[in-house]
Each structure stands twice: as structure tokens, then as C-alpha cells.
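Single-structure report; data block below.
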Amino acid sequence: MSERTSLIQGNVAIARGAIQAGCKFFAGYPITPSSEIAETMSEELPEVGGRFIQMEDEIASIGATIGASLAGDKAMTATSGPGFSLKQENLGFAVMAEIPLVVINIQRGGPSTGIPTKASQGDVMQARYGSHGDYPIIALSPASVQESFYMSIRAFSLAEKYRTPVIILGDEIIAHLTEKVTLNSEEMPEIIEREAPEVSPEKYLPYQRISGGVAKLAPFGQGYRYHISGLVHDETGFPTNDPEEAKKQLEHLNNKFAPHKDDIIYSEEHHTKDMDTLIVAYGAPARSARRALHIARDNGYKVGLLRLKTIWPFPEEKIENLLNEVKQVIVPEMNRGQIAQEIKKYNPHNKEIMQINKINGEPISPDEILELIEQEG
Amino acid sequence: MDYFKYLRKDKMPHIWCDGCGNGIVLKSILRTIDGVKWDKDEIVLISGIGCSGRTSGYVDFNTLHTTHGRALTFATGMKLSNPELKIIVLSGDGDATAIGGNHFIHAARRNLDLNLIVLNNNIYGMTGGQVSPTTPHQKITSTTPHGNPDFAFDISDLAKSAGANFVARVPAVMTNKMDRYIQKAFQKEGFAVVETLTPCPTSYGRANTETGETGVEMLQYQKENSISIDKAKQLSRSELQNKIITGIYVDKEDPSYLEHYQQNQDNAN
């Protein structure tokens with residue numbers, strides 16, 4: 001087991017994780033609090049033969065990222081809330097056309113320009129439903145600098161494996177946190193490369209509806225001349241208005257992740273075997289939750305923690321199973337309860353869901369969580 | 001030549017109306033490709049949204065039908081990732097200079113090796129004839145029923161000011177000239193723009209009959225009212241009213257973005 005230790009910032013860890021994953025293209029636009037990702041990529045991508053470009057706007061950045069991915073590169077863009085809003089149009093294109101890419105959104109306060117330099121988790125639902133139409137998406141959320149590095153690698157692997165955009169929903173706290181990172185080869189996520197089609201160009205179907213599988217994506221320029229469009233399309237990629245074909249394509253797209261949930265969804269549990277109160281948290285508040293949990297347990301409270309690493313697809317079965325075990329649930333979030341509302345959908349026995357919400361840019365402290373635990377005993 | 005060598009025959013008939021100029025431009029592009037002997041496998045044709053956007057579905061290359069106005073952004077990433085690809089971008093006047101206007105000027109500024117063919121029909125055709133950034137002042141469209149209060153962009157002037165290495169404008173009626181300009185664009189390193197003027201009798205001609213009502217009449221009007229850049233320089237502003245200026249606006253050999261980029265890339269190592 002080889003180990004590498006460094007002291008780096010969350011944003012730098014995301015960039016370095018991307019490079020480790022084999023990312024060869026980055027297009028971005030300056031925006032706080034994600035700019036260090038672009039800066040790191042501009043410095044370090046050329047050293048590995050990759051290409052960086054600062055585009056004219058957020059829309060262009062994701063457009064260029066899609067273009068690079070279609071040329072065969074692992075590609076990424078990074079932004080924050082306002083930029084994430086602008087990227088929704090082409091994010092939808094990448095979903096529809098099934099183009100692998102990674103979009104980093106270091107969330108800041110909103111709506112609109114909000115509080116650019118402070119933390120938020122306000123884009124959980126934008127990540128899920130921000131672009132128009134019905135579609136599936138993968139979103140991950142790191143809670144440490146070390147995890148930011150690994151999650152960046154994992155995001156690329158999921159993107160390539162499932163031919164989809166993958167979003168990392170970071171928050172300003174983890175993104176700007178500098179802490180020790182000890183990388184070891186055992187924890188390193190598998191790096192998955194894009195596979196070439198196994199069939200000849202004449203037989204190639206870029207949108208073949210393989211049951212439970214994902215069609216291979218041939219990079220442009222390698223002899224597979226085909227068509228890519230944001231229009232509803234058949235298996236060849238050409239547009240169709242036929243209602244039956246449209247239904248088939250959109251059902252296939254929306255069910256793409258269903259057979260692979262175990263591979264896509266991951267989380268971390270603390271003391272969930274012996275609890276009557278469950279905390280569900282992700283990102284920076286999960287750190288405060290862990291601290292609160294330790295103090296509470298020392299004081300005799302039976303508290304457990306589920307830390308979500310995959311936000312979307314939502315770990316509904318896990319939530320439902322854990323909710324069966326407890327009296328009550330605490331959900332600390334730096335928004336007005338975007339995940340708490342989701343949890344309520346998977347609460348058949350009507351357990352009490354208590355929210356701790358902050359939208360003023362300040363972090364949620366361990367004390368705030370502890371107070372609620374003690375109060376509800 | 002056999003155009004069907006480059007067309008997806010099974011995708012015909014196309015959606016374009018009788019008298020539309022898009023087919024004239026497409027044939028010119030295909031003749032030029034045949035002339036410069038590009039391999040179909042290395043050609044990428046990228047289009048935006050609108051009547052011109054549908055072109056990508058009809059040609060037997062690597063084809064990408066993108067979002068409205070964004071074709072150049074996809075092309076930029078693709079060219080940087082694989083500079084060997086021959087990238088042709090097709091865009092209408094609304095696509096290139098309204099919703100995609102920012103991408104248009106920045107692509108020209110960067111001078112990246114892309115070939116942009118603008119199909120300028122002075123109107124939004126596909127959505128039913130709304131005013132575009134190149135609809136002339138006071139013309140009638142479905143959203144300017146009382147006349148257009150705006151003034152039109154000069155697409156070629158815009159591309160020139162923004163830094164493109166090659167810029168030319170040609171009306172659809174002048175097909176030989178169009179072939180020549182597109183060939184120059186394809187052979188140019190750096191950003192190359194050919195602004196083609198394509199009649200839209202369905203949306204524009206019917207509402208503004210003074211420049212021709214049918215496709216043929218509109219082409220006839222182009223023929224009778226086109227003047228060269230050199231000749232235009234000798235005319236006053238009022239004499240130039242209603243004239244179509246055609247010719248090469250820029251033909252320079254500034255190092256392309258890829259050259260500069262590679263230098264900086266080398267500095268990193």
C-alpha cells in the first residue's frame with residue numbers, strides 16, 4: 001500500500017482527482033467559490049497533455065466540455081449556483097445525447113447572486129430537476145478534502161460507465177477547507193475508461209437500447225459516422241416524432257440507472273445498528289453531525305448517522321429501512337429542507353422528521369444539532 | 001459530381017421549403033469538400049437550431065445537432081481535443097448573432113481553426129418568420145407587423161472586427177463565388193466565416209415583396225442588387241441603401257489559436 005500525504009484545499013483536491021482520473025479537458029468561467037478548480041486545471045492539465053480553456057461564459061464552458069468529450073476526452077467544467085443555472089440547457093443536452101462529463105457545482109448562497117463567498121446547499125433540487133423535461137441524473141457530495149479527491153475520480157468513472165453527466169455538489173466550506181489528505185492505493189476508486197464499440201461502423205447503433213446496459217459511445221473521427229442530437233431520437237440517433245419511439249427512448253433514458261443503483265449509490269453509516277434517532281446529512285453539515293453524534297452518545301443518547309455521498313439517485317430504500325429502526329430523524333442542511341422533503345416521501349410510518357436549516361451562509365454547528373438531540377431526548 | 005456520396009439519402013426529403021436557399025449552400029459545401037478531398041470520417045459538421053440546424057442530419061459525416069446558438073462552443077472543445085478533425089459549423093442569422101452572438105464574437109477573437117458557414121436569411125424561418133438581428137430596418141415580420149424598429153447587424157463586419165482570419169459574404173445566387181469562398185475558408189488556418197445570403201420566400205419574401213416574393217424572384221433581386229466591396233467603397237451611404245455587398249472582407253494569415261495554444265502548452269513542460 002503506497003501512501004501520499006499532502007495539505008491541500010478542497011477545490012484543489014477535486015481538480016487533482018480529475019487529473020488522476022484521466023481528465024484531459026477542462027473549460028470554465030470564473031466564479032466564486034469554485035475558481036480554484038479552474039486555476040488548478042490551467043496550471044496542471046498541460047503537464048499531463050491535457051487542455052484548458054477559459055470560455056466566454058458558463059454556457060460556452062459546458063458546450064466546449066461536451067464537444068471535447070465527443071472527441072474522446074474525459075472532460076469537466078466547474079461552477080457555482082448562478083453558473084449552474086446557466087449550464088442547465090446544455091446539461092440537458094448531455095443527458096439527452098448521453099455524453100459523459102463531470103460538472104462541479106460548488107454551491108453558494110442564493111437565489112440569484114446570493115452570498116458568493118459563503119456556504120450553501122441550495123442547489124440540491126436544481127441538480128435534480130434544473131433542466132427541462134424528465135431525466136435521470138447522478139449527483140455526489142463530498143464531506144472532506146480527501147473525499148473530494150476520490151469523489152472526483154468516481155464521478156468520472158460513473159460518467160464514462162453510464163454515459164451521463166455526473167454532478168459534484170460541493171459546498172463552499174469543504175471547497176475552501178485546507179486539510180490533510182492521505183491518499184492510498186487501496187481506497188482509490190476504480191478508474192474506468194470509455195469502451196470502444198465492438199461492432200463495425202455499419203452495425204453501430206449509438207443509442208442501442210440494451211436491456212440493463214448502456215450503448216458504447218464512439219468518439220467522432222474514428223470511422224463511426226453517426227448523428228447526435230438533443231431531439232428525441234431513435235437508436236440510430238436520428239430525430240423521430242413517432243410517439244411510440246419517443247416513449248421508448250425516454251423510458252430507456254429515465255430507467256438507465258435503475259438496475260445499477262447499488263453501484264451508483266454509496267453512503268456511510270455510524271452507529272445505525274443501535275439508535276433511536278437518525279441524523280441524515282451530507283457535505284459540510286455531516287461533519288458537524290458526526291461531532292454532535294459523538295458527544296450525544298457519550299451522554300447516553302442513542303443517535304446514528306447516515307451520511308449521503310450519492311444524493312441523486314436518492315437512496316430511497318436505505319432511507320426507508322433506517323427510518324423503520326428509529327423514533328425520529330434529524331436533517332441538518334444549508335437550505336430550507338431540500339433533502340428533508342425527499343426523506344418524507346420514504347417515511348411510511350410517519351416518523352418525526354426534524355429539520356435544522358440555515359440559509360444565511362453560516363455553517364451548521366455541532367451544538368445546534370446536539371441541542372435538538374437533547375431537547376427531543 | 002455525385003452529391004449523394006455525401007448525403008444520407010434515407011433522410012430525404014429535407015424539411016426546407018420551396019425556394020429556400022439552404023440547399024444551394026449545402027451543395028456548395030459538398031462540392032467544395034469533394035474538391036479539397038477531405039475524408040468523410042474526419043469531417044465533423046456541427047449545427048445549431050433552426051432551418052439551417054437540420055443540415056447536420058442530412059450529411060454523411062460525423063454530425064452534431066446542438067442547442068440553439070451554441071454550436072461554436074461544442075466545436076471549440078472538440079477542435080482543442082482533436083485538432084485533426086475538420087470542423088464545419090452551420091448557423092443561421094438568429095442562431096449565430098442573437099442567441100449565439102457572444103460565442104460568435106469570441107470564436108472570431110480566438111481565431112481557432114473552425115469553419116463557420118452562416119446561412120443568413122434575415123429572419124427566424126423555422127418558428128414562423130420572426131424578426132432577427134439581420135432583418136433590415138422597417139421590414140415586416142411576424143413580430144414586427146408595423147415595421148422593424150431595430151437596425152441590422154453586418155455579420156461580416158462583425159466577424160472582421162472580432163478577429164477572424166477569413167471573412168467573406170456571398171449571396172446564394174453567386175454559386176461559383178460561394179464555392180471559391182468556402183474553399184478558401186476550408187483551407188485557411190484560424191477562424192473562417194462565410195456569410196451566405198439565403199432567400200426565405202416563405203417567411204421573408206411573402207411579407208416583403210419589394211425584394212422578391214418567390215425564391216426565384218429573391219435570387220433575381222440578389223443578382224441585380226449585389227455590388228463588390230471595392231465598388232461599395234466608392235459609394236455614399238445613401239447610395240448603398242438596399243445594396244448587397246459581396247466579397248472578401250478579410251483574408252489574413254495571423255497564427256491560429258492552435259499555434260499560440262501549443263506554444264503555451266509547451267511552456268508548461
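Simple scheme: letters A, B, ... for chains in C-alpha cells order, numbers from 1 for residues in each chain, numbers from 1 for ligands in the order shown.
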Exercise for review: Enumerate the residues of stretch 84-179 of chain B with a DSSP assignment of strand (DSSP E or B), computed from the backbone, and present them as an NGL selection string.
Suggested key: :B and (86-92 or 115-120 or 123-124 or 130-131 or 141 or 144 or 166-171)
**Study point:** Picked from stretch 24-213 of chain B by DSSP as alpha helix (DSSP H), as number ranges by chain
**Key:** B: 24-36, 71-81, 93-94, 101-110, 155-162, 175-187
Give me the chain B side of the contact with chain A, cut-off 6 Å, one line per residue showing its nearest atom pair and distance in Å at one decimal, counting only C-alpha atoms, sorted by chain and residue number, as a tab-separated table.
residue	atom	partner	partner_atom	distance
B:Asp41	CA	A:Gly223	CA	5.2
B:Glu42	CA	A:Gly221	CA	4.9
B:Phe61	CA	A:Arg225	CA	5.5
B:Asn62	CA	A:Arg225	CA	4.6
B:Thr63	CA	A:His227	CA	4.8
B:Leu64	CA	A:Ile228	CA	4.8
B:His65	CA	A:Ser229	CA	4.6
B:Thr73	CA	A:Ala64	CA	4.9
B:Phe74	CA	A:Gly67	CA	4.2
B:Ala75	CA	A:Gly67	CA	6.0
B:Thr76	CA	A:Ala64	CA	5.7
B:Gly77	CA	A:Ala64	CA	3.9
B:Met78	CA	A:Ala68	CA	4.3
B:Ser81	CA	A:Ala68	CA	5.3
B:Gln265	CA	A:Pro46	CA	5.7
B:Asn269	CA	A:Glu47	CA	5.8
Output file for the residues above (N, CA and C atoms, as a PDB file, in the first residue's frame):
ATOM      1  N   ASP B  41     -14.701  10.585 -42.851  1.00  0.00           N
ATOM      2  CA  ASP B  41     -14.528  10.185 -41.450  1.00  0.00           C
ATOM      3  C   ASP B  41     -13.911  11.273 -40.584  1.00  0.00           C
ATOM      4  N   GLU B  42     -13.171  12.201 -41.229  1.00  0.00           N
ATOM      5  CA  GLU B  42     -12.514  13.237 -40.418  1.00  0.00           C
ATOM      6  C   GLU B  42     -13.325  14.533 -40.373  1.00  0.00           C
ATOM      7  N   PHE B  61     -21.432  12.653 -42.496  1.00  0.00           N
ATOM      8  CA  PHE B  61     -20.179  12.909 -41.777  1.00  0.00           C
ATOM      9  C   PHE B  61     -20.416  12.545 -40.307  1.00  0.00           C
ATOM     10  N   ASN B  62     -19.492  12.926 -39.445  1.00  0.00           N
ATOM     11  CA  ASN B  62     -19.780  12.896 -38.015  1.00  0.00           C
ATOM     12  C   ASN B  62     -20.630  14.133 -37.772  1.00  0.00           C
ATOM     13  N   THR B  63     -21.862  13.966 -37.326  1.00  0.00           N
ATOM     14  CA  THR B  63     -22.747  15.139 -37.265  1.00  0.00           C
ATOM     15  C   THR B  63     -23.309  15.363 -35.866  1.00  0.00           C
ATOM     16  N   LEU B  64     -23.381  16.626 -35.521  1.00  0.00           N
ATOM     17  CA  LEU B  64     -23.776  17.017 -34.165  1.00  0.00           C
ATOM     18  C   LEU B  64     -24.757  18.177 -34.244  1.00  0.00           C
ATOM     19  N   HIS B  65     -25.970  17.917 -33.827  1.00  0.00           N
ATOM     20  CA  HIS B  65     -27.040  18.918 -33.841  1.00  0.00           C
ATOM     21  C   HIS B  65     -27.179  19.430 -32.412  1.00  0.00           C
ATOM     22  N   THR B  73     -19.499  26.634 -29.491  1.00  0.00           N
ATOM     23  CA  THR B  73     -18.875  26.244 -28.215  1.00  0.00           C
ATOM     24  C   THR B  73     -18.532  24.752 -28.231  1.00  0.00           C
ATOM     25  N   PHE B  74     -19.443  23.931 -28.752  1.00  0.00           N
ATOM     26  CA  PHE B  74     -19.174  22.494 -28.872  1.00  0.00           C
ATOM     27  C   PHE B  74     -17.965  22.299 -29.786  1.00  0.00           C
ATOM     28  N   ALA B  75     -17.951  23.077 -30.887  1.00  0.00           N
ATOM     29  CA  ALA B  75     -16.876  22.959 -31.875  1.00  0.00           C
ATOM     30  C   ALA B  75     -15.524  23.333 -31.265  1.00  0.00           C
ATOM     31  N   THR B  76     -15.528  24.331 -30.392  1.00  0.00           N
ATOM     32  CA  THR B  76     -14.286  24.794 -29.769  1.00  0.00           C
ATOM     33  C   THR B  76     -13.652  23.689 -28.925  1.00  0.00           C
ATOM     34  N   GLY B  77     -14.466  23.060 -28.079  1.00  0.00           N
ATOM     35  CA  GLY B  77     -13.947  21.970 -27.250  1.00  0.00           C
ATOM     36  C   GLY B  77     -13.472  20.799 -28.092  1.00  0.00           C
ATOM     37  N   MET B  78     -14.239  20.500 -29.127  1.00  0.00           N
ATOM     38  CA  MET B  78     -13.897  19.341 -29.961  1.00  0.00           C
ATOM     39  C   MET B  78     -12.589  19.564 -30.723  1.00  0.00           C
ATOM     40  N   SER B  81      -9.632  19.295 -28.417  1.00  0.00           N
ATOM     41  CA  SER B  81      -9.368  17.917 -28.011  1.00  0.00           C
ATOM     42  C   SER B  81      -8.792  17.096 -29.146  1.00  0.00           C
ATOM     43  N   GLN B 265       1.308  25.607 -24.226  1.00  0.00           N
ATOM     44  CA  GLN B 265       1.294  24.231 -23.738  1.00  0.00           C
ATOM     45  C   GLN B 265       2.743  23.744 -23.553  1.00  0.00           C
ATOM     46  N   ASN B 269       5.729  22.534 -19.989  1.00  0.00           N
ATOM     47  CA  ASN B 269       6.505  21.304 -19.789  1.00  0.00           C
ATOM     48  C   ASN B 269       8.023  21.517 -19.885  1.00  0.00           C
TER      49      ASN B 269
END
Practice item. Go through B:Gln138, B:Gly19, B:Leu90, B:Ser132 and flag the residue nearest B:Gly212, using only C-alpha atoms for the distances. Key: B:Gly19
Check your understanding: Near stretch 112-121 of chain A, within 7 Å and counting only C-alpha atoms, which residues show up once chain neighbours fewer than 4 positions away are dropped, as a ChimeraX atom specification?
Key -> /A:32-33,82,107-108,171-173,333-335,359,361-363
Written selection (C-alpha atoms) as a compact mmCIF listing (two decimals), in the first residue's frame:
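Saved as part34.txt:
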# COMPACT_ATOMS: atom_id res chain seq x y z
CA THR A 32 -16.61 32.23 -6.64
CA PRO A 33 -16.28 29.89 -4.79
CA PRO A 82 -25.56 31.21 -10.93
CA GLN A 107 -22.77 25.77 -4.01
CA ARG A 108 -23.06 29.29 -2.62
CA ASP A 171 -20.21 23.41 -0.72
CA GLU A 172 -18.04 26.43 -0.03
CA ILE A 173 -16.90 25.04 3.33
CA GLU A 333 -28.99 21.22 5.75
CA MET A 334 -27.77 24.57 4.48
CA ASN A 335 -31.05 25.06 2.62
CA ILE A 359 -29.69 29.78 4.54
CA GLY A 361 -24.31 31.47 4.62
CA GLU A 362 -23.24 30.27 8.07
CA PRO A 363 -22.31 26.68 8.79
Check your understanding: Between atom CA of A:Tyr346 and atom CA of A:Asn324, what is the spacing in Å?
Key -> 10.2 Å
